Amino acid sequence: MRQAGRSLPEYRALREGVDMLDACFDPEMLAEITIQPVRRHKVDAAVLFSDIVVPLKAAGVDIDIVPGTGPVVASPIRDIDAVKALPELAPDQVSRVADGVRLLVGSLGETPLIGFAGAPFTLASYLIEGGPSRNHEHTKALMHSEPAVWHALAGKLADIAITFLRAQLDAGVDAVQLFDSWAGALSVRDYREFVLPHSSKVLASVAEYGVPRIHFGVGTGELLTSMRDAGADVIGVDWRIPLDEAVRRLAVPGAPLPVVQGNLDPALLFASWPVLEDEVRRIAAEGRAAGGHIFNLGHGVLPSVDPEVLTRVVELVHELRP
Ligand code: CP3
């Protein structure tokens, strides 16, 4: 999940004076930052240090990550001319990310590397709103008032995500995660009409690599089956519903049990150890209802978390491993 490394002093030291997006295009630096949480916490997989806006920046979109705020776009995209002006992504524009992946594959040994991209809806929301948004009002208004403009934009963003994921897969990542972080803001009806076709296209376009495809969003209890229908192999679950309930919702009669990822509330890393330990045990137990369970947080690590607590959680999860 986002910002696993952000709580680490060694991460802060490396990033000192270096812009977030510059770090994402520096192969040695992105490789080192990716490895830091593996080295320290002994987690079972590494998450590529990048960001969902990296392919947009690479394609030439005027976008930055403002510390404490998030991605901010110079000119929001709200009409067909702006959609037409959105550049495509050529694979060589993310070659430095691919170089970083190759370095990592060489140095991670047996530890798998998870690559990722932002899904069309979440990327579109940043581009349409101009930055982070609580209500996604411009995005929803555009979707409903000008569906052709919406679908043109989401289609282009799907192509950008596909190119970015393929560049990572060609360089050797072992799994990919498609982040539709803000999809939970949508009704099921809107998700299925305006979002699912585009996310499906992204997930289908990387199927040929034969690696696990994880799909995640926040507040998506009502969307879980739709996100599964988009073609993911693993569904990420935030902390709002119990994991066994997510499995119940996702199960298809006669099909193998669903595989899930999640779902510790990141805020509980601030609770006392006995409370946190109970939570970790409960989640691990509930995860046994699934065909497979990747223990993870339900969303990103908060930057002020004590890294020692994260290490302890990883140790406990390893003890509980079946
Ligand atoms: O562990 C990791 O660091 C994994 C790499 C990762 C980052 N971003 C690095 C990052 C991943 C997987 C992401 C994905 C991402 N980025 C998502 C989808 C996942 C999610 O969390 O829902 C989203 C929505 C973004 C957009 C974004 N980038 C936000 C909202 C922020 C936070 C801005 C802030 O300062 O509060 C970022 C910045 C960002 N991306 C940081 C990191 C490590 C923090 C940069 C810093 O150190 O200041």
# chains A, B, ... in the order shown; residues from 1 in each chain; ligands from 1
$ residues_near_ligand --ligand "ligand 1" --cutoff "9 Å" --atoms "only C-alpha atoms and all ligand atoms" --output "ChimeraX atom specification"
/A:1-7,11-12,15,19-21,24,33-34,37,46-53,65-71,115-119,122-123,126,132,177-182,216-218,299-301,303
$ residues_around --residues "Gly106 (chain A)" --least-positions-apart "6" --cutoff "12 Å" --atoms "only C-alpha atoms" --output "short mmCIF file (atom, residue, chain, number, x, y, z; two decimals) with N, CA and C atoms, in the first residue's frame"
data_model
loop_
_atom_site.label_atom_id
_atom_site.label_comp_id
_atom_site.auth_asym_id
_atom_site.auth_seq_id
_atom_site.Cartn_x
_atom_site.Cartn_y
_atom_site.Cartn_z
N ALA A 31 14.73 2.07 -6.70
CA ALA A 31 15.02 0.69 -6.30
C ALA A 31 15.36 0.63 -4.81
N ILE A 35 13.21 -1.25 -1.66
CA ILE A 35 13.77 -2.33 -0.84
C ILE A 35 13.73 -2.02 0.66
N ASP A 99 13.87 0.55 -15.91
CA ASP A 99 15.26 0.32 -15.48
C ASP A 99 15.29 0.02 -13.98
N GLY A 100 14.50 0.77 -13.21
CA GLY A 100 14.44 0.54 -11.76
C GLY A 100 13.90 -0.85 -11.45
N PRO A 112 9.05 -11.38 -4.21
CA PRO A 112 8.36 -10.88 -5.40
C PRO A 112 8.18 -9.36 -5.38
N LEU A 113 8.08 -8.79 -6.57
CA LEU A 113 7.90 -7.34 -6.73
C LEU A 113 6.51 -7.08 -7.33
N ALA A 171 9.62 -5.61 -17.75
CA ALA A 171 10.87 -5.48 -16.98
C ALA A 171 10.94 -6.51 -15.84
N GLY A 172 9.83 -7.21 -15.56
CA GLY A 172 9.94 -8.34 -14.62
C GLY A 172 9.13 -8.30 -13.35
N VAL A 173 8.15 -7.39 -13.19
CA VAL A 173 7.37 -7.45 -11.94
C VAL A 173 6.59 -8.77 -11.89
#
$ select_by_dssp --residues "region 175-289 of chain A" --states "helix (DSSP H, G or I)" --output "short mmCIF file (atom, residue, chain, number, x, y, z; two decimals) with C-alpha atoms, in the first residue's frame"
data_model
loop_
_atom_site.label_atom_id
_atom_site.label_comp_id
_atom_site.auth_asym_id
_atom_site.auth_seq_id
_atom_site.Cartn_x
_atom_site.Cartn_y
_atom_site.Cartn_z
CA ALA A 183 -14.18 4.17 -6.76
CA GLY A 184 -16.05 3.74 -3.47
CA ALA A 185 -17.50 7.22 -4.06
CA VAL A 188 -22.88 0.41 -8.18
CA ARG A 189 -24.93 1.51 -11.18
CA ASP A 190 -22.48 4.30 -12.07
CA TYR A 191 -19.49 2.05 -11.45
CA ARG A 192 -20.83 -0.59 -13.84
CA GLU A 193 -21.77 1.86 -16.57
CA PHE A 194 -18.93 4.36 -16.46
CA VAL A 195 -15.96 2.61 -14.89
CA LEU A 196 -16.08 -1.17 -15.16
CA PRO A 197 -15.63 -1.33 -18.97
CA HIS A 198 -12.43 0.73 -18.75
CA SER A 199 -10.92 -1.10 -15.78
CA SER A 200 -11.84 -4.41 -17.48
CA LYS A 201 -9.89 -3.34 -20.53
CA VAL A 202 -6.81 -2.63 -18.41
CA LEU A 203 -6.99 -5.94 -16.52
CA ALA A 204 -7.69 -7.94 -19.69
CA SER A 205 -4.76 -6.31 -21.48
CA ALA A 207 -3.87 -11.17 -18.65
CA GLU A 208 -1.43 -12.69 -21.14
CA TYR A 209 1.45 -12.23 -18.66
CA GLY A 221 -17.95 -2.96 0.15
CA GLU A 222 -20.87 -2.45 -2.23
CA LEU A 223 -18.62 -2.67 -5.31
CA LEU A 224 -16.64 -5.81 -4.51
CA THR A 225 -18.44 -8.10 -6.93
CA SER A 226 -18.33 -5.48 -9.67
CA MET A 227 -14.59 -5.06 -9.17
CA ARG A 228 -14.24 -8.83 -9.38
CA ASP A 229 -16.26 -8.72 -12.61
CA LEU A 243 -12.77 -10.14 5.46
CA ASP A 244 -15.02 -13.21 5.79
CA GLU A 245 -18.00 -11.05 4.80
CA ALA A 246 -16.03 -9.82 1.75
CA VAL A 247 -15.33 -13.46 0.86
CA ARG A 248 -19.02 -14.29 1.23
CA ARG A 249 -19.94 -11.45 -1.13
CA LEU A 250 -17.28 -12.40 -3.67
CA PRO A 266 -4.17 1.72 9.33
CA ALA A 267 -5.30 3.81 12.32
CA LEU A 268 -5.11 0.76 14.60
CA LEU A 269 -1.32 0.79 14.24
CA PHE A 270 -1.61 3.57 16.83
CA TRP A 273 -0.27 -3.72 21.32
CA PRO A 274 -2.87 -6.07 22.89
CA VAL A 275 -5.63 -4.35 20.90
CA LEU A 276 -3.62 -4.44 17.70
CA GLU A 277 -2.61 -8.06 18.26
CA ASP A 278 -6.27 -9.06 18.63
CA GLU A 279 -7.12 -7.29 15.42
CA VAL A 280 -4.32 -8.97 13.48
CA ARG A 281 -5.38 -12.38 14.82
CA ARG A 282 -9.03 -11.73 13.99
CA ILE A 283 -8.20 -10.69 10.42
CA ALA A 284 -5.89 -13.66 9.87
CA ALA A 285 -8.65 -15.97 11.16
CA GLU A 286 -11.30 -14.36 8.96
CA GLY A 287 -8.94 -14.61 5.99
#
$ select_by_dssp --residues "region 41-238 of chain A" --states "strand (DSSP E)" --output "short mmCIF file (atom, residue, chain, number, x, y, z; two decimals) with C-alpha atoms, in the first residue's frame"
data_model
loop_
_atom_site.label_atom_id
_atom_site.label_comp_id
_atom_site.auth_asym_id
_atom_site.auth_seq_id
_atom_site.Cartn_x
_atom_site.Cartn_y
_atom_site.Cartn_z
CA ALA A 46 8.02 -5.43 -2.32
CA VAL A 47 5.75 -2.70 -3.70
CA ILE A 63 0.99 17.45 -12.73
CA ASP A 64 2.83 17.51 -9.41
CA ILE A 65 2.56 15.85 -6.03
CA VAL A 66 2.21 18.53 -3.38
CA GLY A 70 -1.48 14.94 -3.11
CA PRO A 71 -1.54 15.14 -6.91
CA VAL A 72 -2.36 18.61 -8.30
CA VAL A 73 -2.98 19.34 -11.99
CA LEU A 113 7.90 -7.34 -6.73
CA ILE A 114 4.41 -5.87 -7.13
CA GLY A 115 4.00 -3.23 -9.82
CA PHE A 116 0.95 -1.01 -10.12
CA ALA A 117 -1.04 1.62 -11.94
CA GLY A 118 -3.92 3.93 -11.14
CA ALA A 175 2.23 -9.17 -9.86
CA VAL A 176 0.33 -6.01 -10.64
CA GLN A 177 -2.14 -3.98 -8.63
CA LEU A 178 -4.72 -1.67 -10.20
CA PHE A 179 -5.59 1.07 -7.71
CA ARG A 213 -3.80 -9.02 -10.90
CA ILE A 214 -4.92 -7.29 -7.69
CA HIS A 215 -7.68 -4.68 -7.76
CA PHE A 216 -8.19 -2.30 -4.83
CA VAL A 234 -7.32 -10.78 -6.09
CA ILE A 235 -9.62 -8.20 -4.51
CA GLY A 236 -8.24 -5.68 -2.02
#
$ residues_around --residues "region 146-155 of chain A" --least-positions-apart "5" --cutoff "8 Å" --atoms "only C-alpha atoms" --output "list in words"
Asp79, Ile80, Val83, Pro120, Phe121, Ala124, Ala141, Phe194, Val195 and His198 of chain A
$ residues_around --residues "Gly60 (chain A)" --least-positions-apart "6" --cutoff "9 Å" --atoms "only C-alpha atoms" --output "PyMOL selection string"
chain A and resi 86-89
$ write_last_selection --atoms "all heavy atoms" --output "PDB file, in the first residue's frame"
ATOM      1  N   LEU A  86      -4.938  15.514 -24.194  1.00  0.00           N
ATOM      2  CA  LEU A  86      -4.217  14.633 -23.244  1.00  0.00           C
ATOM      3  C   LEU A  86      -3.280  13.734 -24.046  1.00  0.00           C
ATOM      4  O   LEU A  86      -3.729  13.004 -24.932  1.00  0.00           O
ATOM      5  CB  LEU A  86      -5.226  13.784 -22.451  1.00  0.00           C
ATOM      6  CG  LEU A  86      -4.638  12.796 -21.437  1.00  0.00           C
ATOM      7  CD1 LEU A  86      -4.044  13.525 -20.240  1.00  0.00           C
ATOM      8  CD2 LEU A  86      -5.724  11.815 -20.954  1.00  0.00           C
ATOM      9  N   PRO A  87      -1.971  13.782 -23.771  1.00  0.00           N
ATOM     10  CA  PRO A  87      -1.044  12.977 -24.569  1.00  0.00           C
ATOM     11  C   PRO A  87      -1.187  11.485 -24.297  1.00  0.00           C
ATOM     12  O   PRO A  87      -1.674  11.087 -23.243  1.00  0.00           O
ATOM     13  CB  PRO A  87       0.335  13.486 -24.133  1.00  0.00           C
ATOM     14  CG  PRO A  87       0.134  14.134 -22.813  1.00  0.00           C
ATOM     15  CD  PRO A  87      -1.295  14.581 -22.739  1.00  0.00           C
ATOM     16  N   GLU A  88      -0.752  10.695 -25.276  1.00  0.00           N
ATOM     17  CA  GLU A  88      -0.652   9.248 -25.035  1.00  0.00           C
ATOM     18  C   GLU A  88       0.680   8.979 -24.351  1.00  0.00           C
ATOM     19  O   GLU A  88       1.548   9.844 -24.338  1.00  0.00           O
ATOM     20  CB  GLU A  88      -0.696   8.499 -26.367  1.00  0.00           C
ATOM     21  CG  GLU A  88      -2.083   8.499 -26.961  1.00  0.00           C
ATOM     22  CD  GLU A  88      -2.136   7.894 -28.362  1.00  0.00           C
ATOM     23  OE1 GLU A  88      -1.129   7.287 -28.789  1.00  0.00           O
ATOM     24  OE2 GLU A  88      -3.182   8.049 -28.998  1.00  0.00           O
ATOM     25  N   LEU A  89       0.821   7.777 -23.800  1.00  0.00           N
ATOM     26  CA  LEU A  89       2.090   7.401 -23.171  1.00  0.00           C
ATOM     27  C   LEU A  89       2.828   6.439 -24.098  1.00  0.00           C
ATOM     28  O   LEU A  89       2.277   5.419 -24.507  1.00  0.00           O
ATOM     29  CB  LEU A  89       1.831   6.722 -21.819  1.00  0.00           C
ATOM     30  CG  LEU A  89       3.059   6.198 -21.078  1.00  0.00           C
ATOM     31  CD1 LEU A  89       3.955   7.343 -20.596  1.00  0.00           C
ATOM     32  CD2 LEU A  89       2.642   5.327 -19.883  1.00  0.00           C
TER      33      LEU A  89
END
$ residues_around --residues "Ala98 (chain A)" --least-positions-apart "3" --cutoff "7 Å" --atoms "only C-alpha atoms" --output "PDB file with N, CA, C and O atoms, in the first residue's frame"
ATOM      1  N   VAL A  94       8.585   5.808 -19.970  1.00  0.00           N
ATOM      2  CA  VAL A  94       8.715   5.249 -18.614  1.00  0.00           C
ATOM      3  C   VAL A  94       9.884   4.255 -18.543  1.00  0.00           C
ATOM      4  O   VAL A  94       9.916   3.365 -17.688  1.00  0.00           O
ATOM      5  N   SER A  95      10.858   4.438 -19.435  1.00  0.00           N
ATOM      6  CA  SER A  95      11.987   3.490 -19.456  1.00  0.00           C
ATOM      7  C   SER A  95      12.804   3.561 -18.165  1.00  0.00           C
ATOM      8  O   SER A  95      13.396   2.574 -17.739  1.00  0.00           O
ATOM      9  N   VAL A 101      12.878  -1.266 -12.189  1.00  0.00           N
ATOM     10  CA  VAL A 101      12.307  -2.606 -11.987  1.00  0.00           C
ATOM     11  C   VAL A 101      13.375  -3.668 -12.252  1.00  0.00           C
ATOM     12  O   VAL A 101      13.534  -4.618 -11.475  1.00  0.00           O
ATOM     13  N   ARG A 102      14.134  -3.489 -13.330  1.00  0.00           N
ATOM     14  CA  ARG A 102      15.182  -4.486 -13.641  1.00  0.00           C
ATOM     15  C   ARG A 102      16.242  -4.549 -12.547  1.00  0.00           C
ATOM     16  O   ARG A 102      16.687  -5.627 -12.151  1.00  0.00           O
ATOM     17  N   ALA A 167       5.023  -1.998 -19.336  1.00  0.00           N
ATOM     18  CA  ALA A 167       6.448  -1.651 -19.191  1.00  0.00           C
ATOM     19  C   ALA A 167       7.009  -2.312 -17.938  1.00  0.00           C
ATOM     20  O   ALA A 167       8.129  -2.839 -17.940  1.00  0.00           O
ATOM     21  N   GLN A 168       6.227  -2.318 -16.863  1.00  0.00           N
ATOM     22  CA  GLN A 168       6.678  -2.939 -15.609  1.00  0.00           C
ATOM     23  C   GLN A 168       6.740  -4.457 -15.746  1.00  0.00           C
ATOM     24  O   GLN A 168       7.670  -5.110 -15.261  1.00  0.00           O
ATOM     25  N   ALA A 171       9.615  -5.605 -17.745  1.00  0.00           N
ATOM     26  CA  ALA A 171      10.865  -5.477 -16.976  1.00  0.00           C
ATOM     27  C   ALA A 171      10.940  -6.507 -15.839  1.00  0.00           C
ATOM     28  O   ALA A 171      11.973  -6.633 -15.197  1.00  0.00           O
TER      29      ALA A 171
END
$ atom_distance --atom1 "CA of Met143 (chain A)" --atom2 "CA of Leu157 (chain A)"
14.5 Å
$ closest_residue --among "A:Leu320, A:Ile294, A:Ala74, A:Ala161" --to "Glu129 (chain A)" --atoms "only C-alpha atoms"
A:Ala74
$ atom_distance --atom1 "CA of Arg96 (chain A)" --atom2 "CA of Gly210 (chain A)"
24.0 Å
$ closest_residue --among "A:Leu264, A:Val18, A:Ala290, A:Ala85" --to "Val313 (chain A)" --atoms "only C-alpha atoms"
A:Leu264
$ closest_residue --among "A:Val252, A:Leu8, A:Leu108, A:Leu169" --to "Arg40 (chain A)" --atoms "only C-alpha atoms"
A:Leu8
$ atom_distance --atom1 "CA of Asn296 (chain A)" --atom2 "CA of Val105 (chain A)"
21.9 Å
